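This report refers to the structure that appears directly beneath it.
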Amino acid sequence: MANSRKPRATSSRVPKSPAARVRPERPSQDEAEEAVRTLIRWAGDNPDREGLAGTPERVVRAYREFFRGYEQDPHAVLKRTFEETDGYDEMIVLKDMRFESHCEHHIAPIIGRAHIAYLPHHRVVGISKLARLLDCYAKRLQIQEKMTAQIANTLQEVLQPRGVAVVIDASHQCMTTRGVHKPNTSMVTSRMLGAFRTDPSTRREFLAIIGLPPSTVASSS
């Protein structure tokens with residue numbers, strides 16, 4: 001008779017990330033809306049005219065959604081794991097996850113796709129948690145290089161797998177819609193830890209799964 005038991009879930013005790021522990025005091029809703037009104041006036045328009053009267057409140061509401069990652073602890077997202085995997089120890093890859101973030105230099109959108117992989121060591125995490133981990137860091141003011149490292153490092157610290165790989169391919173509107181105005185360009189960043197960093201065959205397998213040539217990512221990523 002097949003074993004119908006559900007996989008045993010474990011809840012690891014994980015320390016809160018530094019970003020979750022240190023949080024600046026948040027201005028009030030009224031203060032945030034007044035800041036938006038100031039920017040509208042600085043742009044040369046009248047925040048009290050009909051078309052803009054509700055804009056400050058809408059912008060603040062949008063910012064709450066854009067930057068909800070500050071309210072989440074990425075380490076806590078991964079604390080519930082599963083150990084009953086019947087010995088599965090091969091690569092786990094979640095690829096082509098679309099994300100939206102904002103660059104910390106111009107608060108302009110960063111839109112792209114992320115690929116996250118790990119080699120489990122006795123335990124795995126629900127795949128939706130990898131997507132949540134991505135959003136925890138994407139929904140903040142970011143630079144792509146830092147976000148790539150944060151995702152990989154957090155996954156390594158909490159799950160302690162045999163290896164972690166993260167590749168992000170994204171378009172930055174701070175350079176496609178302003179400044180150098182280079183549309184149709186994207187930036188690729190990667191972070192390889194453990195076996196993905198030290199074993200070329202493991203790295204090649206991951207890159208093949210996500211559809212990138214091995215030359216795209218160097219072993220020193």
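Residues in the structure tokens are numbered from 1 in each chain, the chains being A, B, ... in the order shown, and ligands are numbered from 1 in the order shown.
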Return as a Markdown table the residues of segment 42-94 of chain A lying at most 8 Å from segment 140-152 of chain A, together with the closest atom-to-atom pair for each and the distance in Å to one decimal, counting only C-alpha atoms, with rows in chain order and ascending residue number.
| residue | atom | partner | partner_atom | distance |
| --- | --- | --- | --- | --- |
| A:Phe66 | CA | A:Arg140 | CA | 7.2 |
| A:Phe67 | CA | A:Arg140 | CA | 4.8 |
| A:Arg68 | CA | A:Arg140 | CA | 7.1 |
| A:Gly69 | CA | A:Arg140 | CA | 5.5 |
| A:Tyr70 | CA | A:Arg140 | CA | 6.4 |
Those selected residues, please, written with N, CA and C atoms and delivered as an mmCIF file, in the first residue's frame.
data_model
loop_
_atom_site.group_PDB
_atom_site.id
_atom_site.type_symbol
_atom_site.label_atom_id
_atom_site.label_comp_id
_atom_site.auth_asym_id
_atom_site.auth_seq_id
_atom_site.Cartn_x
_atom_site.Cartn_y
_atom_site.Cartn_z
ATOM 1 N N PHE A 66 4.209 49.019 -4.302
ATOM 2 C CA PHE A 66 5.525 48.884 -4.910
ATOM 3 C C PHE A 66 6.584 48.432 -3.901
ATOM 4 N N PHE A 67 6.492 48.922 -2.683
ATOM 5 C CA PHE A 67 7.560 48.730 -1.698
ATOM 6 C C PHE A 67 7.108 47.920 -0.489
ATOM 7 N N ARG A 68 6.185 46.995 -0.716
ATOM 8 C CA ARG A 68 5.683 46.190 0.401
ATOM 9 C C ARG A 68 6.739 45.216 0.923
ATOM 10 N N GLY A 69 7.831 45.038 0.193
ATOM 11 C CA GLY A 69 8.896 44.155 0.659
ATOM 12 C C GLY A 69 9.519 44.598 1.966
ATOM 13 N N TYR A 70 9.438 45.898 2.270
ATOM 14 C CA TYR A 70 9.996 46.379 3.536
ATOM 15 C C TYR A 70 9.220 45.861 4.738
#
Identify all residues of chain A in alpha helix (DSSP H) (DSSP on the backbone) and supply them as a compact mmCIF listing (two decimals) with N, CA and C atoms, in the first residue's frame.
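Generated file (states_24.txt):
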# COMPACT_ATOMS: atom_id res chain seq x y z
N PRO A 18 18.97 41.53 8.65
CA PRO A 18 19.24 42.90 9.11
C PRO A 18 18.25 43.91 8.57
N ALA A 19 17.81 43.72 7.32
CA ALA A 19 16.85 44.67 6.73
C ALA A 19 15.54 44.65 7.47
N ALA A 20 15.18 43.47 8.04
CA ALA A 20 13.91 43.38 8.76
C ALA A 20 14.03 43.98 10.15
N ARG A 21 15.24 43.98 10.73
CA ARG A 21 15.42 44.48 12.09
C ARG A 21 15.56 46.00 12.13
N GLN A 29 0.62 59.19 6.45
CA GLN A 29 -0.03 59.25 5.14
C GLN A 29 -0.13 60.69 4.66
N ASP A 30 -0.51 61.60 5.56
CA ASP A 30 -0.64 63.01 5.17
C ASP A 30 0.70 63.59 4.74
N GLU A 31 1.77 63.25 5.46
CA GLU A 31 3.10 63.76 5.10
C GLU A 31 3.53 63.23 3.74
N ALA A 32 3.24 61.96 3.47
CA ALA A 32 3.61 61.38 2.18
C ALA A 32 2.83 62.05 1.05
N GLU A 33 1.54 62.28 1.25
CA GLU A 33 0.73 62.92 0.22
C GLU A 33 1.20 64.36 -0.03
N GLU A 34 1.59 65.05 1.03
CA GLU A 34 2.08 66.42 0.86
C GLU A 34 3.39 66.43 0.06
N ALA A 35 4.21 65.41 0.26
CA ALA A 35 5.45 65.31 -0.52
C ALA A 35 5.14 65.14 -2.01
N VAL A 36 4.11 64.37 -2.32
CA VAL A 36 3.72 64.21 -3.72
C VAL A 36 3.20 65.52 -4.29
N ARG A 37 2.42 66.24 -3.50
CA ARG A 37 1.92 67.56 -3.96
C ARG A 37 3.08 68.50 -4.24
N THR A 38 4.11 68.45 -3.40
CA THR A 38 5.29 69.28 -3.61
C THR A 38 5.97 68.94 -4.94
N LEU A 39 6.11 67.67 -5.23
CA LEU A 39 6.74 67.26 -6.49
C LEU A 39 5.89 67.68 -7.69
N ILE A 40 4.58 67.63 -7.57
CA ILE A 40 3.71 68.07 -8.67
C ILE A 40 3.92 69.56 -8.92
N ARG A 41 3.99 70.32 -7.84
CA ARG A 41 4.24 71.76 -8.01
C ARG A 41 5.61 72.00 -8.60
N TRP A 42 6.61 71.22 -8.16
CA TRP A 42 7.97 71.37 -8.70
C TRP A 42 7.99 71.05 -10.19
N ALA A 43 7.18 70.09 -10.63
CA ALA A 43 7.12 69.73 -12.06
C ALA A 43 6.47 70.83 -12.88
N THR A 55 -4.42 62.55 -7.06
CA THR A 55 -3.16 61.89 -7.40
C THR A 55 -2.27 61.62 -6.18
N PRO A 56 -2.09 62.53 -5.26
CA PRO A 56 -1.23 62.23 -4.10
C PRO A 56 -1.66 60.98 -3.35
N GLU A 57 -2.96 60.83 -3.12
CA GLU A 57 -3.43 59.65 -2.40
C GLU A 57 -3.19 58.38 -3.22
N ARG A 58 -3.40 58.47 -4.54
CA ARG A 58 -3.18 57.30 -5.39
C ARG A 58 -1.70 56.93 -5.45
N VAL A 59 -0.84 57.93 -5.53
CA VAL A 59 0.60 57.65 -5.57
C VAL A 59 1.06 56.97 -4.28
N VAL A 60 0.60 57.45 -3.15
CA VAL A 60 0.99 56.86 -1.87
C VAL A 60 0.49 55.42 -1.78
N ARG A 61 -0.73 55.20 -2.26
CA ARG A 61 -1.28 53.84 -2.26
C ARG A 61 -0.44 52.93 -3.16
N ALA A 62 -0.02 53.46 -4.32
CA ALA A 62 0.82 52.68 -5.24
C ALA A 62 2.18 52.39 -4.61
N TYR A 63 2.76 53.37 -3.93
CA TYR A 63 4.06 53.16 -3.28
C TYR A 63 3.96 52.07 -2.21
N ARG A 64 2.83 52.02 -1.52
CA ARG A 64 2.66 50.98 -0.50
C ARG A 64 2.73 49.59 -1.15
N GLU A 65 2.18 49.47 -2.37
CA GLU A 65 2.25 48.21 -3.10
C GLU A 65 3.64 47.98 -3.68
N PHE A 66 4.21 49.02 -4.30
CA PHE A 66 5.53 48.88 -4.91
C PHE A 66 6.58 48.43 -3.90
N PRO A 74 12.50 38.24 4.63
CA PRO A 74 12.80 37.17 3.68
C PRO A 74 13.21 35.87 4.34
N HIS A 75 13.92 35.95 5.48
CA HIS A 75 14.33 34.73 6.17
C HIS A 75 13.12 33.96 6.69
N ALA A 76 12.12 34.67 7.19
CA ALA A 76 10.94 34.00 7.73
C ALA A 76 10.13 33.31 6.63
N VAL A 77 10.19 33.84 5.41
CA VAL A 77 9.45 33.23 4.30
C VAL A 77 9.88 31.78 4.08
N ILE A 127 7.61 25.64 -3.52
CA ILE A 127 8.09 26.47 -4.62
C ILE A 127 7.52 27.88 -4.57
N SER A 128 6.32 28.05 -4.00
CA SER A 128 5.76 29.40 -3.91
C SER A 128 6.62 30.28 -3.01
N LYS A 129 7.37 29.65 -2.10
CA LYS A 129 8.22 30.43 -1.19
C LYS A 129 9.39 31.04 -1.95
N LEU A 130 9.85 30.38 -3.02
CA LEU A 130 10.91 30.98 -3.83
C LEU A 130 10.39 32.23 -4.53
N ALA A 131 9.15 32.18 -5.01
CA ALA A 131 8.55 33.36 -5.64
C ALA A 131 8.37 34.47 -4.61
N ARG A 132 7.96 34.10 -3.40
CA ARG A 132 7.79 35.11 -2.35
C ARG A 132 9.12 35.72 -1.94
N LEU A 133 10.17 34.89 -1.92
CA LEU A 133 11.50 35.41 -1.59
C LEU A 133 11.92 36.44 -2.63
N LEU A 134 11.68 36.14 -3.90
CA LEU A 134 11.99 37.10 -4.96
C LEU A 134 11.26 38.42 -4.72
N ASP A 135 9.97 38.36 -4.42
CA ASP A 135 9.19 39.58 -4.23
C ASP A 135 9.60 40.34 -2.98
N CYS A 136 10.02 39.62 -1.94
CA CYS A 136 10.48 40.30 -0.72
C CYS A 136 11.58 41.30 -1.03
N TYR A 137 12.49 40.89 -1.92
CA TYR A 137 13.61 41.77 -2.25
C TYR A 137 13.29 42.68 -3.43
N ALA A 138 12.46 42.23 -4.37
CA ALA A 138 12.14 43.08 -5.53
C ALA A 138 11.28 44.26 -5.13
N GLN A 144 20.16 45.88 -9.18
CA GLN A 144 20.00 44.48 -9.57
C GLN A 144 21.09 43.58 -8.99
N GLU A 145 22.31 44.10 -8.94
CA GLU A 145 23.41 43.30 -8.42
C GLU A 145 23.15 42.89 -6.97
N LYS A 146 22.70 43.85 -6.17
CA LYS A 146 22.46 43.57 -4.76
C LYS A 146 21.30 42.59 -4.58
N MET A 147 20.23 42.79 -5.36
CA MET A 147 19.06 41.92 -5.24
C MET A 147 19.43 40.48 -5.58
N THR A 148 20.25 40.29 -6.62
CA THR A 148 20.69 38.95 -7.01
C THR A 148 21.42 38.27 -5.86
N ALA A 149 22.34 39.00 -5.24
CA ALA A 149 23.11 38.43 -4.12
C ALA A 149 22.23 38.18 -2.90
N GLN A 150 21.30 39.08 -2.63
CA GLN A 150 20.44 38.91 -1.46
C GLN A 150 19.60 37.64 -1.56
N ILE A 151 19.03 37.40 -2.73
CA ILE A 151 18.19 36.21 -2.91
C ILE A 151 19.03 34.95 -2.71
N ALA A 152 20.18 34.88 -3.36
CA ALA A 152 21.03 33.69 -3.25
C ALA A 152 21.55 33.49 -1.83
N ASN A 153 22.01 34.56 -1.21
CA ASN A 153 22.58 34.44 0.14
C ASN A 153 21.53 34.00 1.15
N THR A 154 20.32 34.54 1.05
CA THR A 154 19.26 34.18 1.98
C THR A 154 18.88 32.70 1.82
N LEU A 155 18.76 32.25 0.57
CA LEU A 155 18.43 30.86 0.33
C LEU A 155 19.51 29.94 0.90
N GLN A 156 20.77 30.33 0.74
CA GLN A 156 21.88 29.53 1.25
C GLN A 156 21.88 29.52 2.79
N GLU A 157 21.66 30.67 3.39
CA GLU A 157 21.72 30.78 4.85
C GLU A 157 20.61 29.97 5.53
N VAL A 158 19.41 30.01 4.97
CA VAL A 158 18.27 29.37 5.64
C VAL A 158 18.18 27.88 5.33
N LEU A 159 18.25 27.50 4.04
CA LEU A 159 18.11 26.09 3.67
C LEU A 159 19.40 25.29 3.81
N GLN A 173 14.38 51.06 -16.61
CA GLN A 173 13.81 52.24 -17.26
C GLN A 173 14.57 53.51 -16.93
N CYS A 174 15.47 53.45 -15.96
CA CYS A 174 16.31 54.62 -15.70
C CYS A 174 17.29 54.85 -16.85
N MET A 175 17.52 53.83 -17.69
CA MET A 175 18.39 54.03 -18.86
C MET A 175 17.66 53.81 -20.18
N THR A 176 16.44 53.28 -20.15
CA THR A 176 15.70 53.11 -21.40
C THR A 176 14.77 54.29 -21.68
N ALA A 195 27.91 24.05 -5.18
CA ALA A 195 28.20 23.23 -6.35
C ALA A 195 28.02 23.99 -7.66
N PHE A 196 27.13 24.97 -7.69
CA PHE A 196 26.94 25.74 -8.92
C PHE A 196 28.18 26.58 -9.23
N ARG A 197 28.93 26.89 -8.20
CA ARG A 197 30.13 27.70 -8.40
C ARG A 197 31.36 26.84 -8.69
N THR A 198 31.42 25.67 -8.03
CA THR A 198 32.64 24.86 -8.11
C THR A 198 32.57 23.75 -9.15
N PRO A 200 31.55 22.79 -12.86
CA PRO A 200 31.12 23.31 -14.17
C PRO A 200 29.94 22.55 -14.77
N SER A 201 29.85 21.24 -14.55
CA SER A 201 28.75 20.46 -15.14
C SER A 201 27.42 20.84 -14.49
N THR A 202 27.42 21.09 -13.19
CA THR A 202 26.19 21.52 -12.50
C THR A 202 25.76 22.89 -13.01
N ARG A 203 26.72 23.78 -13.18
CA ARG A 203 26.42 25.10 -13.68
C ARG A 203 25.88 25.04 -15.11
N ARG A 204 26.49 24.20 -15.93
CA ARG A 204 26.02 24.06 -17.32
C ARG A 204 24.60 23.50 -17.38
N GLU A 205 24.30 22.54 -16.51
CA GLU A 205 22.96 21.97 -16.49
C GLU A 205 21.92 23.04 -16.15
N PHE A 206 22.23 23.85 -15.15
CA PHE A 206 21.30 24.93 -14.76
C PHE A 206 21.11 25.92 -15.90
N LEU A 207 22.20 26.35 -16.51
CA LEU A 207 22.10 27.33 -17.59
C LEU A 207 21.34 26.76 -18.79
N ALA A 208 21.50 25.46 -19.05
CA ALA A 208 20.76 24.84 -20.14
C ALA A 208 19.26 24.82 -19.83
N ILE A 209 18.90 24.56 -18.59
CA ILE A 209 17.49 24.52 -18.19
C ILE A 209 16.83 25.88 -18.39
Separating atom CA of Gly87 of chain A from atom CA of Gly211 of chain A, to the nearest tenth of an Å, is a gap of 27.3 Å
*So how many Å separate atom CA of Val125 of chain A and atom CA of Val166 of chain A, to one decimal?*
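Distance between the two atoms: 15.9 Å.
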Can you list, as a ChimeraX atom specification, every residue of segment 28-213 of chain A that DSSP puts in strand (DSSP E)? /A:80-82,92-103,109-119,124-125,141-142,163-172,187-194
For the residues selected in the previous step, produce a file with N, CA and C atoms as a compact mmCIF listing (two decimals), in the first residue's frame.
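Contents of selection_7.txt, freshly written:
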# COMPACT_ATOMS: atom_id res chain seq x y z
N ARG A 80 9.54 27.40 6.83
CA ARG A 80 8.79 26.14 6.78
C ARG A 80 9.35 25.27 5.67
N THR A 81 9.94 24.14 6.02
CA THR A 81 10.58 23.26 5.05
C THR A 81 10.03 21.84 5.19
N PHE A 82 10.36 20.99 4.21
CA PHE A 82 9.88 19.61 4.18
C PHE A 82 11.06 18.67 4.05
N ILE A 92 16.60 21.68 -8.21
CA ILE A 92 15.25 22.27 -8.20
C ILE A 92 15.36 23.66 -8.79
N VAL A 93 14.61 23.90 -9.87
CA VAL A 93 14.72 25.17 -10.60
C VAL A 93 13.33 25.78 -10.76
N LEU A 94 13.22 27.05 -10.41
CA LEU A 94 12.02 27.83 -10.71
C LEU A 94 12.47 28.94 -11.65
N LYS A 95 11.99 28.89 -12.89
CA LYS A 95 12.52 29.81 -13.90
C LYS A 95 11.44 30.72 -14.46
N ASP A 96 11.93 31.78 -15.13
CA ASP A 96 11.06 32.72 -15.84
C ASP A 96 10.03 33.39 -14.92
N MET A 97 10.45 33.73 -13.71
CA MET A 97 9.55 34.45 -12.80
C MET A 97 9.64 35.95 -13.09
N ARG A 98 8.56 36.52 -13.56
CA ARG A 98 8.53 37.96 -13.81
C ARG A 98 8.51 38.71 -12.48
N PHE A 99 9.21 39.82 -12.45
CA PHE A 99 9.18 40.66 -11.26
C PHE A 99 9.21 42.12 -11.67
N GLU A 100 8.76 42.97 -10.79
CA GLU A 100 8.88 44.42 -10.95
C GLU A 100 9.54 44.99 -9.71
N SER A 101 10.54 45.81 -9.93
CA SER A 101 11.23 46.48 -8.84
C SER A 101 11.43 47.94 -9.22
N HIS A 102 12.15 48.69 -8.39
CA HIS A 102 12.45 50.09 -8.69
C HIS A 102 13.89 50.38 -8.30
N CYS A 103 14.61 51.06 -9.19
CA CYS A 103 16.01 51.36 -8.90
C CYS A 103 16.10 52.42 -7.81
N PRO A 109 11.22 52.08 -12.77
CA PRO A 109 10.97 50.63 -12.76
C PRO A 109 12.12 49.80 -13.31
N ILE A 110 12.31 48.64 -12.69
CA ILE A 110 13.16 47.56 -13.19
C ILE A 110 12.21 46.39 -13.44
N ILE A 111 12.13 45.93 -14.66
CA ILE A 111 11.19 44.85 -14.99
C ILE A 111 11.96 43.72 -15.66
N GLY A 112 11.80 42.51 -15.15
CA GLY A 112 12.56 41.42 -15.72
C GLY A 112 12.07 40.06 -15.26
N ARG A 113 12.96 39.08 -15.44
CA ARG A 113 12.67 37.70 -15.06
C ARG A 113 13.82 37.15 -14.23
N ALA A 114 13.45 36.32 -13.28
CA ALA A 114 14.44 35.71 -12.39
C ALA A 114 14.36 34.19 -12.49
N HIS A 115 15.52 33.56 -12.37
CA HIS A 115 15.63 32.11 -12.34
C HIS A 115 16.36 31.74 -11.05
N ILE A 116 15.75 30.87 -10.25
CA ILE A 116 16.32 30.48 -8.95
C ILE A 116 16.42 28.96 -8.89
N ALA A 117 17.59 28.46 -8.48
CA ALA A 117 17.79 27.02 -8.37
C ALA A 117 18.56 26.69 -7.11
N TYR A 118 18.34 25.48 -6.59
CA TYR A 118 19.17 24.99 -5.49
C TYR A 118 19.26 23.48 -5.53
N LEU A 119 20.31 22.95 -4.92
CA LEU A 119 20.51 21.51 -4.78
C LEU A 119 20.21 21.17 -3.33
N VAL A 124 13.55 20.50 1.55
CA VAL A 124 13.15 21.40 0.47
C VAL A 124 12.15 22.40 1.00
N VAL A 125 11.87 23.40 0.17
CA VAL A 125 10.91 24.43 0.54
C VAL A 125 9.84 24.49 -0.54
N LEU A 141 13.46 49.43 -2.90
CA LEU A 141 14.38 50.19 -3.74
C LEU A 141 15.64 49.35 -3.89
N GLN A 142 16.07 49.12 -5.13
CA GLN A 142 17.10 48.12 -5.36
C GLN A 142 18.11 48.55 -6.42
N GLY A 163 24.05 23.83 -2.96
CA GLY A 163 24.37 24.90 -3.90
C GLY A 163 23.15 25.73 -4.22
N VAL A 164 23.38 26.98 -4.62
CA VAL A 164 22.32 27.91 -4.99
C VAL A 164 22.75 28.65 -6.24
N ALA A 165 21.81 28.87 -7.15
CA ALA A 165 22.08 29.67 -8.35
C ALA A 165 20.94 30.64 -8.58
N VAL A 166 21.28 31.88 -8.87
CA VAL A 166 20.28 32.91 -9.18
C VAL A 166 20.76 33.68 -10.39
N VAL A 167 19.90 33.79 -11.40
CA VAL A 167 20.18 34.61 -12.58
C VAL A 167 19.01 35.54 -12.79
N ILE A 168 19.29 36.83 -12.98
CA ILE A 168 18.25 37.83 -13.22
C ILE A 168 18.57 38.57 -14.51
N ASP A 169 17.55 38.70 -15.35
CA ASP A 169 17.65 39.40 -16.63
C ASP A 169 16.57 40.48 -16.64
N ALA A 170 16.97 41.75 -16.64
CA ALA A 170 15.99 42.81 -16.44
C ALA A 170 16.31 44.05 -17.26
N SER A 171 15.25 44.80 -17.55
CA SER A 171 15.36 46.08 -18.24
C SER A 171 15.18 47.19 -17.22
N HIS A 172 16.04 48.20 -17.32
CA HIS A 172 16.03 49.31 -16.36
C HIS A 172 15.53 50.58 -17.04
N MET A 187 19.94 43.78 -18.63
CA MET A 187 21.13 43.51 -17.82
C MET A 187 20.98 42.13 -17.20
N VAL A 188 22.04 41.33 -17.27
CA VAL A 188 22.03 39.99 -16.69
C VAL A 188 23.01 39.94 -15.53
N THR A 189 22.53 39.48 -14.38
CA THR A 189 23.39 39.30 -13.21
C THR A 189 23.21 37.88 -12.70
N SER A 190 24.24 37.36 -12.04
CA SER A 190 24.16 36.00 -11.52
C SER A 190 24.89 35.89 -10.19
N ARG A 191 24.46 34.90 -9.41
CA ARG A 191 25.14 34.57 -8.16
C ARG A 191 25.14 33.05 -8.05
N MET A 192 26.32 32.45 -8.02
CA MET A 192 26.47 31.00 -7.94
C MET A 192 27.17 30.66 -6.63
N LEU A 193 26.58 29.75 -5.86
CA LEU A 193 27.15 29.33 -4.59
C LEU A 193 27.24 27.81 -4.55
N GLY A 194 28.19 27.29 -3.77
CA GLY A 194 28.32 25.85 -3.60
C GLY A 194 28.64 25.15 -4.91
